[in-house]
Amino acid sequence: MKPLYLTQLTCTVFVLLAIASMASGCARKLDAGTVQRQQSSIESAAREGQLVARQVTKDATLGTTTRVRMEDLTITASGAGDSLSQATASPQLEHKAHKLATIAGDVTDTLNELYRHPADKSVAHSVDLKLGKLARQAHRA
């Protein structure tokens with residue numbers, strides 16, 4: 001049986017390590033490469049969503065397939081946006097990261113429109129147009 005002071009010391013060390021790891025995670029810095037990768041992810045999610053929306057307008061896909069695809073793309077776009085908004089960026093990258101995080105949120109919202117209405121051709125057409133615009137914005141950001 002361990003003496004009480006060793007158990008307390010072990011618990012204290014564990015708590016300090018947990019706090020240190022959380023603090024280092026919160027202070028994560030964005031570099032140019034990370035911003036570029038997230039930018040590509042956002043643009044890709046928008047372009048792929050556009051393709052799915054076009055398939056819906058042509059009755060070339062099932063509602064279930066559309067929902068699954070929209071869910072996957074939403075996870076990609078929202079993950080990229082979260083990554084950009086939760087980390088700290090250098091002053092040179094801060095504006096771009098903020099702009100891309102906003103675009104990622106818009107892409108996520110637009111993808112969710114088609115997720116909610118996977119067989120509606122007019123929604124699909126609207127989503128196609130919005131995602132095209134958002135993909136261009138992400139590319140130019």
# chains A, B, ... in the order shown; residues from 1 in each chain; ligands from 1
>>> residues_around(residues="Ala124 in chain A", least_positions_apart="5", cutoff="9 Å", atoms="only C-alpha atoms", output="short mmCIF file (atom, residue, chain, number, x, y, z; two decimals) with N, CA and C atoms, in the first residue's frame")
data_model
loop_
_atom_site.label_atom_id
_atom_site.label_comp_id
_atom_site.auth_asym_id
_atom_site.auth_seq_id
_atom_site.Cartn_x
_atom_site.Cartn_y
_atom_site.Cartn_z
N GLN A 50 -21.36 21.49 -54.00
CA GLN A 50 -21.93 21.96 -55.27
C GLN A 50 -22.23 20.78 -56.20
N VAL A 52 -22.79 17.67 -55.40
CA VAL A 52 -23.93 16.90 -54.88
C VAL A 52 -25.23 17.64 -55.17
N ALA A 53 -25.23 18.95 -54.97
CA ALA A 53 -26.44 19.74 -55.24
C ALA A 53 -26.85 19.62 -56.70
N ARG A 54 -25.89 19.63 -57.59
CA ARG A 54 -26.20 19.47 -59.02
C ARG A 54 -26.80 18.10 -59.31
N GLN A 55 -26.30 17.07 -58.62
CA GLN A 55 -26.87 15.73 -58.79
C GLN A 55 -28.33 15.70 -58.33
N VAL A 56 -28.61 16.42 -57.24
CA VAL A 56 -29.99 16.46 -56.74
C VAL A 56 -30.90 17.13 -57.77
N THR A 57 -30.43 18.22 -58.39
CA THR A 57 -31.27 18.92 -59.38
C THR A 57 -31.57 18.04 -60.59
N GLU A 113 -28.63 23.26 -45.35
CA GLU A 113 -29.89 23.48 -46.07
C GLU A 113 -30.22 22.25 -46.92
N LEU A 114 -29.22 21.75 -47.64
CA LEU A 114 -29.46 20.57 -48.48
C LEU A 114 -29.62 19.31 -47.64
N HIS A 117 -33.19 19.27 -46.72
CA HIS A 117 -34.10 19.10 -47.86
C HIS A 117 -33.38 18.34 -48.98
N PRO A 118 -33.05 17.06 -48.77
CA PRO A 118 -32.18 16.34 -49.70
C PRO A 118 -32.78 16.01 -51.06
N ALA A 119 -34.08 16.20 -51.22
CA ALA A 119 -34.69 15.86 -52.52
C ALA A 119 -35.33 17.08 -53.18
N LEU A 129 -25.68 27.45 -56.18
CA LEU A 129 -25.24 28.83 -56.44
C LEU A 129 -24.48 29.42 -55.25
#
>>> residues_around(residues="range 27-40 of chain A", least_positions_apart="4", cutoff="8 Å", atoms="only C-alpha atoms", output="ChimeraX atom specification")
/A:23,44,80-81,83-84,87-90,93,97,100,138-139
>>> write_last_selection(atoms="C-alpha atoms", output="PDB file, in the first residue's frame")
ATOM      1  CA  ALA A  23      -3.095  25.557 -21.482  1.00  0.00           C
ATOM      2  CA  SER A  44     -13.122  21.658 -51.299  1.00  0.00           C
ATOM      3  CA  ALA A  80     -11.746  23.869 -40.540  1.00  0.00           C
ATOM      4  CA  GLY A  81     -13.676  26.880 -39.266  1.00  0.00           C
ATOM      5  CA  SER A  83      -9.571  25.269 -36.143  1.00  0.00           C
ATOM      6  CA  LEU A  84      -9.199  28.774 -37.557  1.00  0.00           C
ATOM      7  CA  ALA A  87      -6.309  29.174 -32.426  1.00  0.00           C
ATOM      8  CA  THR A  88      -4.322  32.370 -32.247  1.00  0.00           C
ATOM      9  CA  ALA A  89      -2.838  33.750 -35.419  1.00  0.00           C
ATOM     10  CA  SER A  90      -0.019  36.150 -36.068  1.00  0.00           C
ATOM     11  CA  LEU A  93      -2.676  35.879 -40.668  1.00  0.00           C
ATOM     12  CA  ALA A  97      -8.065  33.281 -40.554  1.00  0.00           C
ATOM     13  CA  LEU A 100     -11.990  31.972 -43.648  1.00  0.00           C
ATOM     14  CA  ALA A 138     -12.553  30.856 -49.921  1.00  0.00           C
ATOM     15  CA  HIS A 139     -10.187  30.617 -52.869  1.00  0.00           C
TER      16      HIS A 139
END
>>> atom_distance(atom1="CA of Ala141 in chain A", atom2="CA of Ser126 in chain A")
22.5 Å
>>> closest_residue(among="A:Ser85, A:Leu73, A:Asp59, A:Ala46", to="Gln137 in chain A", atoms="only C-alpha atoms")
A:Ala46
>>> select_by_dssp(residues="range 21-102 of chain A", states="strand (DSSP E or B)", output="list in words")
Lys29, Leu30, Thr88 and Ala89 of chain A
>>> write_last_selection(atoms="N, CA and C atoms", output="PDB file, in the first residue's frame")
ATOM      1  N   LYS A  29      -0.897  28.153 -31.944  1.00  0.00           N
ATOM      2  CA  LYS A  29      -0.651  29.203 -32.941  1.00  0.00           C
ATOM      3  C   LYS A  29      -0.918  28.666 -34.334  1.00  0.00           C
ATOM      4  N   LEU A  30      -1.511  29.502 -35.163  1.00  0.00           N
ATOM      5  CA  LEU A  30      -1.715  29.163 -36.569  1.00  0.00           C
ATOM      6  C   LEU A  30      -0.512  29.625 -37.367  1.00  0.00           C
ATOM      7  N   THR A  88      -4.786  30.994 -32.079  1.00  0.00           N
ATOM      8  CA  THR A  88      -4.322  32.370 -32.247  1.00  0.00           C
ATOM      9  C   THR A  88      -3.456  32.452 -33.491  1.00  0.00           C
ATOM     10  N   ALA A  89      -3.593  33.556 -34.180  1.00  0.00           N
ATOM     11  CA  ALA A  89      -2.838  33.750 -35.419  1.00  0.00           C
ATOM     12  C   ALA A  89      -1.947  34.968 -35.272  1.00  0.00           C
TER      13      ALA A  89
END
>>> atom_distance(atom1="CA of Lys99 in chain A", atom2="CA of Gly79 in chain A")
14.9 Å
>>> atom_distance(atom1="CA of Thr64 in chain A", atom2="CA of Val123 in chain A")
15.9 Å
